[in-house]
Amino acid sequence: MSQATETTIVGTSALIERLLKGQFICRTTDEDGWRALKSPSTREHVEQYLNQINRTIGSAGEGEVFFCGYQQIGDGERKVISSQFKDICNALIPLVEWLVLVQESSGQDAPLSEGVAVRLTELQTRIEDTPAFREQLAKISHYRLFGSTSTNVDAQIKLVFKRLVDLGYLTRPNSEKQIYIATGKLDYLYEVIRFIDETEGLSLEAQAETATQRDLV
Amino acid sequence: MSSNLHQAGVKLLKQLGRHAELVMDVYLSGSVSIDESNASAVDKLQKSDILWRPEPEAELRLKRSVRALLEEALSDERNRQIDSNVGSSLATIKTLADHYKEARHNVDFSASEAYLADLNEHVYSFADGLRYSIRVLWSRINNEFGYVGSINAKIRENELAQSQVTELLNGLEMFQFSELAEIAGDTRELRKLLVTTLQETLSDCTQELSVVQARLLELLGRFRQIRGRTRLLKGWLLYTDLHPDYRPADHVSHKQLPALFNIAEPLLAPAAVDVNNHSLEPELLEIVSSIKRIDRLNDLGTQREQDVSVSLSQTEDFDIPDNPLKLAVDGYFCAVIDSGKSQSALEYLDEQQLPWDRESWLYQVICGYEGLPEEHRRYFELEPIGESDPVYTGNFIIKDVELWLA
């Protein structure tokens, strides 16, 4: 009995630590933590702890991604949030272009989402073989978010992937293999875009549809 | 009559067997064109109504019934034909039941038996057809409509499957068991067929169809989500291309902050061990002491010795070669005896240009002195030269030793 409670405490302590580090918890990055937050009792436990330091658990992507937010928002917190929002907005265009590049170069129907694996070497060959993709990659890697100055595809793509791992959009489960897995933070990104789309009434989906229909005609 | 039918059937099947390759080629490619090599075979198959020409100029195709047989037997996933025409099966069953009852009423046993057999055949084939349809639906769901490429095609396939399920369910609703029970009356055979068998089949199938429907809806939702995301990304790119100056509005300045953007600043920085911090020493030592070294690389060579013959022989002479450092220390002692003067160990080391490390040299000299037999040691005097530790009292740091004859 005491053993069981002990492991829960140890488990949530790691989880709380990750939340306070500003990490996104999803099934891909931390399955145990994700499970713990999915269960109402442990979630309540963590929430209570975080509340003491004015933090709360936020979630996105239909409750599949968790992150740490402020419980009470004063002026100081608002400043932090505003600067973070700016960061996200600045990252949107490079990230969206990268997502479309990955989807188009691998010829898939579905854009990357949580749990989908990307094989860097395969992707690299495909991009190297097609001049349009190469140009696109060069453009993406020169954005400030990635900040590459290289003209070499290999260096560009490696830097982009490394930055994405640092930013938490990808994880690399085995450091000896060039296989990356998309995390729940990407699902969060989709939600941000959807939010902007809906609140500003951009009707992005409808535009894309008419564009594809025009292509078909 | 029936023996004729039998013979004709066997002939047809044999013909199918004989031209199996050709039939499968047509099945896979959809149609066949006549050339010299297959002209006679095609002709024969056409005569026995296995191949047919839908239009005068069109190419030859397999008859629907043969195609259906192959699709079913091979569980071909491309097959998406579902016979949802429950109404006509129901009508046939009712009609046959009426025939059977009339024949029984007229005490025409041979006719009534024939009708009953026919009825059996119809009821069973109806149940089989229903189950088959469900199986086809499942196989399409299980590979997520993998036989079409794009998401849009998958969505269309899913919608087709949904409409088929709805039709099947509507058809099944037409079965009124009170009516069937009335038709069956008190005839045992009819009751068994029309009420028991059919009811079991129908309740099974309805249940399964509702599961199928739920799965289809779930899949459709997922497909739409994927399509929605793709469009969202494309739309975003289009929009930002058209409006290069576009910046998202400041959504976090509202009084009511969207929960989505409420992300706290990281509170904990990534941790690392500071090996230079002395206060952590006990913890670090504890961690280090718990590290186990498992060396499998060198382990490979050791093999258990088995069945090694042991021979008992005279112990051979062996000698342990003297350590050269020890020999050099002996030389130092002899030099002190020869000169009769006191000499510092390090000075001797430098004079003789010996290759030893200074510290090991000192250790070996002290050891050499301590290791002498008692009566020999009395001839020497060893004086350590050094100083006390500036911080910790009671510690004496030896910098050099001096040896002379007592």
# chains A, B, ... in the order shown; residues from 1 in each chain; ligands from 1
call {"tool": "closest_atom_pairs", "arguments": {"of": "chain B", "to": "chain A", "cutoff": "8 Å", "atoms": "only C-alpha atoms", "output": "JSON lines"}}
result
{"residue": "B:Ser150", "atom": "CA", "partner": "A:Asp109", "partner_atom": "CA", "distance": 6.1}
{"residue": "B:Ile151", "atom": "CA", "partner": "A:Asp109", "partner_atom": "CA", "distance": 6.0}
{"residue": "B:Ile226", "atom": "CA", "partner": "A:Ala110", "partner_atom": "CA", "distance": 5.6}
{"residue": "B:Arg227", "atom": "CA", "partner": "A:Ala110", "partner_atom": "CA", "distance": 7.1}
{"residue": "B:Gly228", "atom": "CA", "partner": "A:Glu205", "partner_atom": "CA", "distance": 6.8}
{"residue": "B:Arg229", "atom": "CA", "partner": "A:Pro111", "partner_atom": "CA", "distance": 7.0}
{"residue": "B:Thr230", "atom": "CA", "partner": "A:Pro111", "partner_atom": "CA", "distance": 5.9}
{"residue": "B:Arg231", "atom": "CA", "partner": "A:Glu205", "partner_atom": "CA", "distance": 5.0}
{"residue": "B:Leu232", "atom": "CA", "partner": "A:Glu205", "partner_atom": "CA", "distance": 5.1}
{"residue": "B:Leu233", "atom": "CA", "partner": "A:Val96", "partner_atom": "CA", "distance": 6.1}
{"residue": "B:Lys234", "atom": "CA", "partner": "A:Ala208", "partner_atom": "CA", "distance": 5.8}
{"residue": "B:Gly235", "atom": "CA", "partner": "A:Leu204", "partner_atom": "CA", "distance": 4.3}
{"residue": "B:Trp236", "atom": "CA", "partner": "A:Leu204", "partner_atom": "CA", "distance": 6.0}
{"residue": "B:Leu237", "atom": "CA", "partner": "A:Glu97", "partner_atom": "CA", "distance": 7.2}
{"residue": "B:Leu238", "atom": "CA", "partner": "A:Ala208", "partner_atom": "CA", "distance": 7.3}
{"residue": "B:Tyr239", "atom": "CA", "partner": "A:Leu204", "partner_atom": "CA", "distance": 7.2}
{"residue": "B:Arg247", "atom": "CA", "partner": "A:Cys89", "partner_atom": "CA", "distance": 7.8}
{"residue": "B:Pro248", "atom": "CA", "partner": "A:Cys89", "partner_atom": "CA", "distance": 6.9}
{"residue": "B:Ala249", "atom": "CA", "partner": "A:Glu200", "partner_atom": "CA", "distance": 7.7}
{"residue": "B:Val252", "atom": "CA", "partner": "A:Ser82", "partner_atom": "CA", "distance": 6.0}
{"residue": "B:Ser253", "atom": "CA", "partner": "A:Ser82", "partner_atom": "CA", "distance": 7.5}
{"residue": "B:Ala259", "atom": "CA", "partner": "A:Gly58", "partner_atom": "CA", "distance": 7.0}
{"residue": "B:Leu260", "atom": "CA", "partner": "A:Ala60", "partner_atom": "CA", "distance": 6.8}
{"residue": "B:Phe261", "atom": "CA", "partner": "A:Phe85", "partner_atom": "CA", "distance": 6.8}
{"residue": "B:Asn262", "atom": "CA", "partner": "A:Gly69", "partner_atom": "CA", "distance": 5.0}
{"residue": "B:Ile263", "atom": "CA", "partner": "A:Gly69", "partner_atom": "CA", "distance": 4.2}
{"residue": "B:Ala264", "atom": "CA", "partner": "A:Gly69", "partner_atom": "CA", "distance": 4.4}
{"residue": "B:Glu265", "atom": "CA", "partner": "A:Gly22", "partner_atom": "CA", "distance": 6.4}
{"residue": "B:Pro266", "atom": "CA", "partner": "A:Gly22", "partner_atom": "CA", "distance": 4.4}
{"residue": "B:Leu267", "atom": "CA", "partner": "A:Leu20", "partner_atom": "CA", "distance": 5.2}
{"residue": "B:Leu268", "atom": "CA", "partner": "A:Lys21", "partner_atom": "CA", "distance": 4.9}
{"residue": "B:Ala269", "atom": "CA", "partner": "A:Lys21", "partner_atom": "CA", "distance": 6.5}
{"residue": "B:Pro270", "atom": "CA", "partner": "A:Lys21", "partner_atom": "CA", "distance": 7.5}
call {"tool": "select_by_dssp", "arguments": {"residues": "region 16-58 of chain A", "states": "helix (DSSP H, G or I)", "output": "MDAnalysis selection string"}}
result
chainID A and resid 16:20 31:38 40:51
call {"tool": "write_last_selection", "arguments": {"atoms": "N, CA and C atoms", "output": "PDB file, in the first residue's frame"}}
result
ATOM      1  N   ILE A  16       5.015  17.054 -12.596  1.00  0.00           N
ATOM      2  CA  ILE A  16       4.914  18.468 -12.225  1.00  0.00           C
ATOM      3  C   ILE A  16       6.162  19.203 -12.682  1.00  0.00           C
ATOM      4  N   GLU A  17       7.292  18.531 -12.517  1.00  0.00           N
ATOM      5  CA  GLU A  17       8.540  19.150 -12.938  1.00  0.00           C
ATOM      6  C   GLU A  17       8.508  19.465 -14.432  1.00  0.00           C
ATOM      7  N   ARG A  18       8.012  18.496 -15.202  1.00  0.00           N
ATOM      8  CA  ARG A  18       7.976  18.715 -16.648  1.00  0.00           C
ATOM      9  C   ARG A  18       7.026  19.852 -17.002  1.00  0.00           C
ATOM     10  N   LEU A  19       5.905  19.888 -16.286  1.00  0.00           N
ATOM     11  CA  LEU A  19       4.941  20.965 -16.555  1.00  0.00           C
ATOM     12  C   LEU A  19       5.565  22.322 -16.239  1.00  0.00           C
ATOM     13  N   LEU A  20       6.280  22.377 -15.104  1.00  0.00           N
ATOM     14  CA  LEU A  20       6.875  23.654 -14.707  1.00  0.00           C
ATOM     15  C   LEU A  20       8.023  24.048 -15.620  1.00  0.00           C
ATOM     16  N   GLU A  31       4.145   9.159 -21.879  1.00  0.00           N
ATOM     17  CA  GLU A  31       2.892   8.408 -21.809  1.00  0.00           C
ATOM     18  C   GLU A  31       2.395   8.286 -20.377  1.00  0.00           C
ATOM     19  N   ASP A  32       3.316   8.082 -19.427  1.00  0.00           N
ATOM     20  CA  ASP A  32       2.897   7.931 -18.026  1.00  0.00           C
ATOM     21  C   ASP A  32       2.258   9.211 -17.513  1.00  0.00           C
ATOM     22  N   GLY A  33       2.915  10.327 -17.805  1.00  0.00           N
ATOM     23  CA  GLY A  33       2.396  11.619 -17.359  1.00  0.00           C
ATOM     24  C   GLY A  33       1.052  11.909 -17.999  1.00  0.00           C
ATOM     25  N   TRP A  34       0.954  11.586 -19.265  1.00  0.00           N
ATOM     26  CA  TRP A  34      -0.285  11.807 -19.999  1.00  0.00           C
ATOM     27  C   TRP A  34      -1.423  11.000 -19.372  1.00  0.00           C
ATOM     28  N   ARG A  35      -1.108   9.745 -19.060  1.00  0.00           N
ATOM     29  CA  ARG A  35      -2.100   8.885 -18.422  1.00  0.00           C
ATOM     30  C   ARG A  35      -2.523   9.458 -17.064  1.00  0.00           C
ATOM     31  N   ALA A  36      -1.511   9.946 -16.341  1.00  0.00           N
ATOM     32  CA  ALA A  36      -1.790  10.489 -15.005  1.00  0.00           C
ATOM     33  C   ALA A  36      -2.730  11.684 -15.115  1.00  0.00           C
ATOM     34  N   LEU A  37      -2.499  12.526 -16.131  1.00  0.00           N
ATOM     35  CA  LEU A  37      -3.352  13.709 -16.275  1.00  0.00           C
ATOM     36  C   LEU A  37      -4.722  13.342 -16.812  1.00  0.00           C
ATOM     37  N   LYS A  38      -4.796  12.210 -17.491  1.00  0.00           N
ATOM     38  CA  LYS A  38      -6.081  11.751 -18.003  1.00  0.00           C
ATOM     39  C   LYS A  38      -6.967  11.261 -16.853  1.00  0.00           C
ATOM     40  N   PRO A  40      -8.801  11.566 -13.483  1.00  0.00           N
ATOM     41  CA  PRO A  40      -9.262  12.753 -12.750  1.00  0.00           C
ATOM     42  C   PRO A  40      -8.586  12.910 -11.386  1.00  0.00           C
ATOM     43  N   SER A  41      -8.323  11.783 -10.699  1.00  0.00           N
ATOM     44  CA  SER A  41      -7.803  11.931  -9.327  1.00  0.00           C
ATOM     45  C   SER A  41      -6.374  12.468  -9.330  1.00  0.00           C
ATOM     46  N   THR A  42      -5.507  11.898 -10.195  1.00  0.00           N
ATOM     47  CA  THR A  42      -4.132  12.413 -10.220  1.00  0.00           C
ATOM     48  C   THR A  42      -4.102  13.822 -10.779  1.00  0.00           C
ATOM     49  N   ARG A  43      -4.977  14.093 -11.722  1.00  0.00           N
ATOM     50  CA  ARG A  43      -5.009  15.436 -12.307  1.00  0.00           C
ATOM     51  C   ARG A  43      -5.357  16.446 -11.213  1.00  0.00           C
ATOM     52  N   GLU A  44      -6.325  16.072 -10.377  1.00  0.00           N
ATOM     53  CA  GLU A  44      -6.734  16.943  -9.281  1.00  0.00           C
ATOM     54  C   GLU A  44      -5.559  17.196  -8.342  1.00  0.00           C
ATOM     55  N   HIS A  45      -4.820  16.106  -8.075  1.00  0.00           N
ATOM     56  CA  HIS A  45      -3.646  16.159  -7.207  1.00  0.00           C
ATOM     57  C   HIS A  45      -2.621  17.157  -7.750  1.00  0.00           C
ATOM     58  N   VAL A  46      -2.331  17.018  -9.038  1.00  0.00           N
ATOM     59  CA  VAL A  46      -1.340  17.893  -9.669  1.00  0.00           C
ATOM     60  C   VAL A  46      -1.857  19.324  -9.686  1.00  0.00           C
ATOM     61  N   GLU A  47      -3.133  19.453 -10.017  1.00  0.00           N
ATOM     62  CA  GLU A  47      -3.752  20.785 -10.100  1.00  0.00           C
ATOM     63  C   GLU A  47      -3.626  21.507  -8.752  1.00  0.00           C
ATOM     64  N   GLN A  48      -3.909  20.761  -7.676  1.00  0.00           N
ATOM     65  CA  GLN A  48      -3.825  21.366  -6.346  1.00  0.00           C
ATOM     66  C   GLN A  48      -2.421  21.863  -6.062  1.00  0.00           C
ATOM     67  N   TYR A  49      -1.457  21.047  -6.434  1.00  0.00           N
ATOM     68  CA  TYR A  49      -0.068  21.450  -6.204  1.00  0.00           C
ATOM     69  C   TYR A  49       0.243  22.724  -6.987  1.00  0.00           C
ATOM     70  N   LEU A  50      -0.146  22.729  -8.265  1.00  0.00           N
ATOM     71  CA  LEU A  50       0.186  23.863  -9.131  1.00  0.00           C
ATOM     72  C   LEU A  50      -0.534  25.126  -8.680  1.00  0.00           C
ATOM     73  N   ASN A  51      -1.751  24.955  -8.154  1.00  0.00           N
ATOM     74  CA  ASN A  51      -2.526  26.121  -7.719  1.00  0.00           C
ATOM     75  C   ASN A  51      -1.790  26.929  -6.653  1.00  0.00           C
TER      76      ASN A  51
END
call {"tool": "atom_distance", "arguments": {"atom1": "CA of Val336 (chain B)", "atom2": "CA of Leu403 (chain B)"}}
result
7.3 Å
call {"tool": "residues_around", "arguments": {"residues": "Val160 (chain A)", "least_positions_apart": "4", "cutoff": "7 Å", "atoms": "only C-alpha atoms", "output": "PyMOL selection string"}}
result
chain A and resi 141+146+156+164
call {"tool": "residues_around", "arguments": {"residues": "region 365-372 of chain B", "least_positions_apart": "2", "cutoff": "12 Å", "atoms": "only C-alpha atoms", "output": "number ranges by chain"}}
result
B: 323, 325-333, 344-346, 348-349, 356, 358-363, 374-384, 398, 400-404
call {"tool": "write_last_selection", "arguments": {"atoms": "N, CA and C atoms", "output": "compact mmCIF listing (two decimals), in the first residue's frame"}}
result
# COMPACT_ATOMS: atom_id res chain seq x y z
N ASN B 323 61.42 -6.16 -9.32
CA ASN B 323 60.91 -4.91 -9.84
C ASN B 323 62.08 -3.96 -10.06
N LEU B 325 62.21 -0.83 -10.17
CA LEU B 325 62.17 0.29 -9.23
C LEU B 325 62.82 -0.11 -7.91
N LYS B 326 62.51 -1.37 -7.52
CA LYS B 326 63.05 -1.86 -6.25
C LYS B 326 64.58 -1.99 -6.35
N LEU B 327 65.00 -2.47 -7.53
CA LEU B 327 66.44 -2.60 -7.72
C LEU B 327 67.13 -1.25 -7.66
N ALA B 328 66.46 -0.23 -8.23
CA ALA B 328 67.05 1.11 -8.20
C ALA B 328 67.15 1.63 -6.78
N VAL B 329 66.12 1.32 -5.95
CA VAL B 329 66.16 1.75 -4.55
C VAL B 329 67.32 1.06 -3.84
N ASP B 330 67.49 -0.25 -4.17
CA ASP B 330 68.63 -0.96 -3.57
C ASP B 330 69.94 -0.27 -3.94
N GLY B 331 70.01 0.18 -5.23
CA GLY B 331 71.21 0.89 -5.68
C GLY B 331 71.42 2.17 -4.88
N TYR B 332 70.33 2.85 -4.55
CA TYR B 332 70.40 4.09 -3.78
C TYR B 332 70.95 3.82 -2.39
N PHE B 333 70.46 2.75 -1.75
CA PHE B 333 70.96 2.35 -0.43
C PHE B 333 72.47 2.06 -0.50
N SER B 344 69.81 13.11 -0.19
CA SER B 344 68.36 13.22 -0.39
C SER B 344 67.94 12.27 -1.51
N ALA B 345 66.81 11.66 -1.34
CA ALA B 345 66.34 10.67 -2.32
C ALA B 345 66.09 11.34 -3.66
N LEU B 346 65.48 12.55 -3.66
CA LEU B 346 65.15 13.20 -4.93
C LEU B 346 66.40 13.68 -5.64
N TYR B 348 69.26 12.23 -5.50
CA TYR B 348 69.83 11.02 -6.11
C TYR B 348 69.11 10.70 -7.42
N LEU B 349 67.79 10.82 -7.37
CA LEU B 349 66.97 10.53 -8.56
C LEU B 349 67.40 11.43 -9.71
N TRP B 356 61.89 7.30 -12.98
CA TRP B 356 60.68 7.11 -12.16
C TRP B 356 59.99 8.40 -11.84
N ARG B 358 58.50 11.05 -9.41
CA ARG B 358 59.10 11.48 -8.15
C ARG B 358 58.37 10.89 -6.95
N GLU B 359 57.06 10.90 -7.06
CA GLU B 359 56.28 10.46 -5.90
C GLU B 359 56.46 8.96 -5.66
N SER B 360 56.39 8.17 -6.77
CA SER B 360 56.55 6.73 -6.58
C SER B 360 57.96 6.41 -6.06
N TRP B 361 58.89 7.22 -6.53
CA TRP B 361 60.28 7.02 -6.07
C TRP B 361 60.37 7.19 -4.55
N LEU B 362 59.75 8.27 -4.04
CA LEU B 362 59.77 8.51 -2.60
C LEU B 362 59.10 7.36 -1.85
N TYR B 363 57.94 6.96 -2.40
CA TYR B 363 57.23 5.85 -1.74
C TYR B 363 58.09 4.62 -1.67
N GLU B 374 65.24 -5.96 10.58
CA GLU B 374 65.48 -5.08 11.73
C GLU B 374 66.98 -4.76 11.92
N GLU B 375 67.86 -5.83 11.84
CA GLU B 375 69.28 -5.60 12.11
C GLU B 375 69.94 -4.75 11.05
N HIS B 376 69.45 -4.83 9.77
CA HIS B 376 70.00 -3.99 8.70
C HIS B 376 69.51 -2.57 8.83
N ARG B 377 68.24 -2.43 9.26
CA ARG B 377 67.66 -1.09 9.29
C ARG B 377 68.40 -0.21 10.31
N ARG B 378 68.94 -0.87 11.36
CA ARG B 378 69.61 -0.10 12.40
C ARG B 378 70.82 0.67 11.85
N TYR B 379 71.39 0.24 10.70
CA TYR B 379 72.54 0.93 10.13
C TYR B 379 72.13 2.22 9.43
N PHE B 380 70.84 2.36 9.14
CA PHE B 380 70.41 3.53 8.37
C PHE B 380 69.57 4.44 9.23
N GLU B 381 69.50 5.66 8.77
CA GLU B 381 68.61 6.64 9.40
C GLU B 381 67.84 7.32 8.25
N LEU B 382 66.51 7.38 8.35
CA LEU B 382 65.71 8.01 7.30
C LEU B 382 64.98 9.19 7.89
N GLU B 383 65.17 10.34 7.25
CA GLU B 383 64.55 11.55 7.78
C GLU B 383 63.61 12.14 6.73
N PRO B 384 62.34 12.18 6.99
CA PRO B 384 61.43 12.81 6.01
C PRO B 384 61.56 14.32 6.07
N ILE B 398 55.07 15.01 3.07
CA ILE B 398 56.50 14.72 2.83
C ILE B 398 56.89 15.21 1.46
N ASP B 400 60.35 15.26 0.57
CA ASP B 400 61.57 14.54 0.19
C ASP B 400 62.01 13.72 1.41
N VAL B 401 62.90 12.75 1.20
CA VAL B 401 63.47 12.04 2.36
C VAL B 401 64.99 12.05 2.25
N GLU B 402 65.61 11.94 3.37
CA GLU B 402 67.07 11.93 3.38
C GLU B 402 67.54 10.66 4.11
N LEU B 403 68.58 10.06 3.58
CA LEU B 403 69.03 8.80 4.15
C LEU B 403 70.53 8.92 4.47
N TRP B 404 70.88 8.48 5.62
CA TRP B 404 72.33 8.43 5.93
C TRP B 404 72.65 7.24 6.81
call {"tool": "residues_around", "arguments": {"residues": "region 83-99 of chain B", "least_positions_apart": "2", "cutoff": "6 Å", "atoms": "only C-alpha atoms", "output": "PyMOL selection string"}}
result
chain B and resi 101-102+119+168+171
call {"tool": "closest_residue", "arguments": {"among": "A:Gly74, A:Glu122, A:Glu62, A:Ser13", "to": "Leu257 (chain B)", "atoms": "only C-alpha atoms"}}
result
A:Gly74
call {"tool": "atom_distance", "arguments": {"atom1": "CA of Gly386 (chain B)", "atom2": "CA of Lys399 (chain B)"}}
result
4.8 Å
call {"tool": "residues_around", "arguments": {"residues": "region 57-73 of chain B", "least_positions_apart": "2", "cutoff": "8 Å", "atoms": "only C-alpha atoms", "output": "PDB file with N, CA and C atoms, in the first residue's frame"}}
result
ATOM      1  N   VAL B  23      -9.700 -16.700 -67.313  1.00  0.00           N
ATOM      2  CA  VAL B  23     -10.765 -16.094 -66.508  1.00  0.00           C
ATOM      3  C   VAL B  23     -10.173 -15.153 -65.474  1.00  0.00           C
ATOM      4  N   VAL B  26      -9.014 -11.940 -67.012  1.00  0.00           N
ATOM      5  CA  VAL B  26     -10.128 -11.029 -67.290  1.00  0.00           C
ATOM      6  C   VAL B  26     -10.603 -10.417 -65.980  1.00  0.00           C
ATOM      7  N   TYR B  27     -10.635 -11.243 -64.932  1.00  0.00           N
ATOM      8  CA  TYR B  27     -11.113 -10.737 -63.633  1.00  0.00           C
ATOM      9  C   TYR B  27     -10.239  -9.578 -63.158  1.00  0.00           C
ATOM     10  N   GLY B  30     -10.241  -6.661 -66.030  1.00  0.00           N
ATOM     11  CA  GLY B  30     -11.551  -6.080 -66.314  1.00  0.00           C
ATOM     12  C   GLY B  30     -12.115  -6.510 -67.652  1.00  0.00           C
ATOM     13  N   SER B  31     -11.244  -6.629 -68.662  1.00  0.00           N
ATOM     14  CA  SER B  31     -11.770  -7.023 -69.979  1.00  0.00           C
ATOM     15  C   SER B  31     -10.680  -7.777 -70.734  1.00  0.00           C
ATOM     16  N   VAL B  32     -11.055  -8.367 -71.841  1.00  0.00           N
ATOM     17  CA  VAL B  32     -10.062  -9.115 -72.613  1.00  0.00           C
ATOM     18  C   VAL B  32     -10.269  -8.786 -74.094  1.00  0.00           C
ATOM     19  N   SER B  33      -9.157  -8.726 -74.817  1.00  0.00           N
ATOM     20  CA  SER B  33      -9.300  -8.549 -76.266  1.00  0.00           C
ATOM     21  C   SER B  33      -8.886  -9.848 -76.937  1.00  0.00           C
ATOM     22  N   ASP B  49     -21.631 -18.371 -71.823  1.00  0.00           N
ATOM     23  CA  ASP B  49     -22.107 -17.219 -71.044  1.00  0.00           C
ATOM     24  C   ASP B  49     -21.238 -16.892 -69.833  1.00  0.00           C
ATOM     25  N   ILE B  50     -19.949 -17.155 -69.965  1.00  0.00           N
ATOM     26  CA  ILE B  50     -19.058 -16.722 -68.886  1.00  0.00           C
ATOM     27  C   ILE B  50     -18.511 -15.347 -69.241  1.00  0.00           C
ATOM     28  N   LEU B  51     -18.242 -15.160 -70.515  1.00  0.00           N
ATOM     29  CA  LEU B  51     -17.830 -13.837 -70.997  1.00  0.00           C
ATOM     30  C   LEU B  51     -18.981 -13.270 -71.814  1.00  0.00           C
ATOM     31  N   TRP B  52     -19.072 -11.978 -71.773  1.00  0.00           N
ATOM     32  CA  TRP B  52     -20.104 -11.348 -72.601  1.00  0.00           C
ATOM     33  C   TRP B  52     -19.640  -9.995 -73.081  1.00  0.00           C
ATOM     34  N   ARG B  53     -20.363  -9.486 -74.077  1.00  0.00           N
ATOM     35  CA  ARG B  53     -19.992  -8.215 -74.683  1.00  0.00           C
ATOM     36  C   ARG B  53     -21.102  -7.227 -74.346  1.00  0.00           C
ATOM     37  N   PRO B  54     -20.821  -6.256 -73.500  1.00  0.00           N
ATOM     38  CA  PRO B  54     -21.903  -5.350 -73.088  1.00  0.00           C
ATOM     39  C   PRO B  54     -22.444  -4.509 -74.252  1.00  0.00           C
ATOM     40  N   GLU B  55     -21.548  -4.107 -75.148  1.00  0.00           N
ATOM     41  CA  GLU B  55     -21.981  -3.318 -76.303  1.00  0.00           C
ATOM     42  C   GLU B  55     -21.257  -3.870 -77.503  1.00  0.00           C
ATOM     43  N   SER B  75     -12.347 -13.092 -51.194  1.00  0.00           N
ATOM     44  CA  SER B  75     -12.503 -11.943 -50.269  1.00  0.00           C
ATOM     45  C   SER B  75     -11.777 -10.720 -50.821  1.00  0.00           C
ATOM     46  N   ASP B  76     -12.055 -10.425 -52.065  1.00  0.00           N
ATOM     47  CA  ASP B  76     -11.395  -9.277 -52.705  1.00  0.00           C
ATOM     48  C   ASP B  76     -11.950  -7.991 -52.132  1.00  0.00           C
ATOM     49  N   ASN B  79     -14.244  -5.332 -53.888  1.00  0.00           N
ATOM     50  CA  ASN B  79     -15.665  -5.561 -54.043  1.00  0.00           C
ATOM     51  C   ASN B  79     -16.452  -4.677 -53.095  1.00  0.00           C
TER      52      ASN B  79
END
call {"tool": "residues_around", "arguments": {"residues": "Gln164 (chain B)", "least_positions_apart": "2", "cutoff": "12 Å", "atoms": "only C-alpha atoms", "output": "list in words"}}
result
Arg80, Gln81, Ile82, Asp83, Ser84, Asn85, Val86, Leu130, Ser133, Ile134, Val136, Leu137, Glu157, Asn158, Glu159, Leu160, Ala161, Gln162, Thr166, Glu167, Leu168, Leu169, Asn170, Gly171, Leu209, Val212, Gln213 and Leu216 of chain B
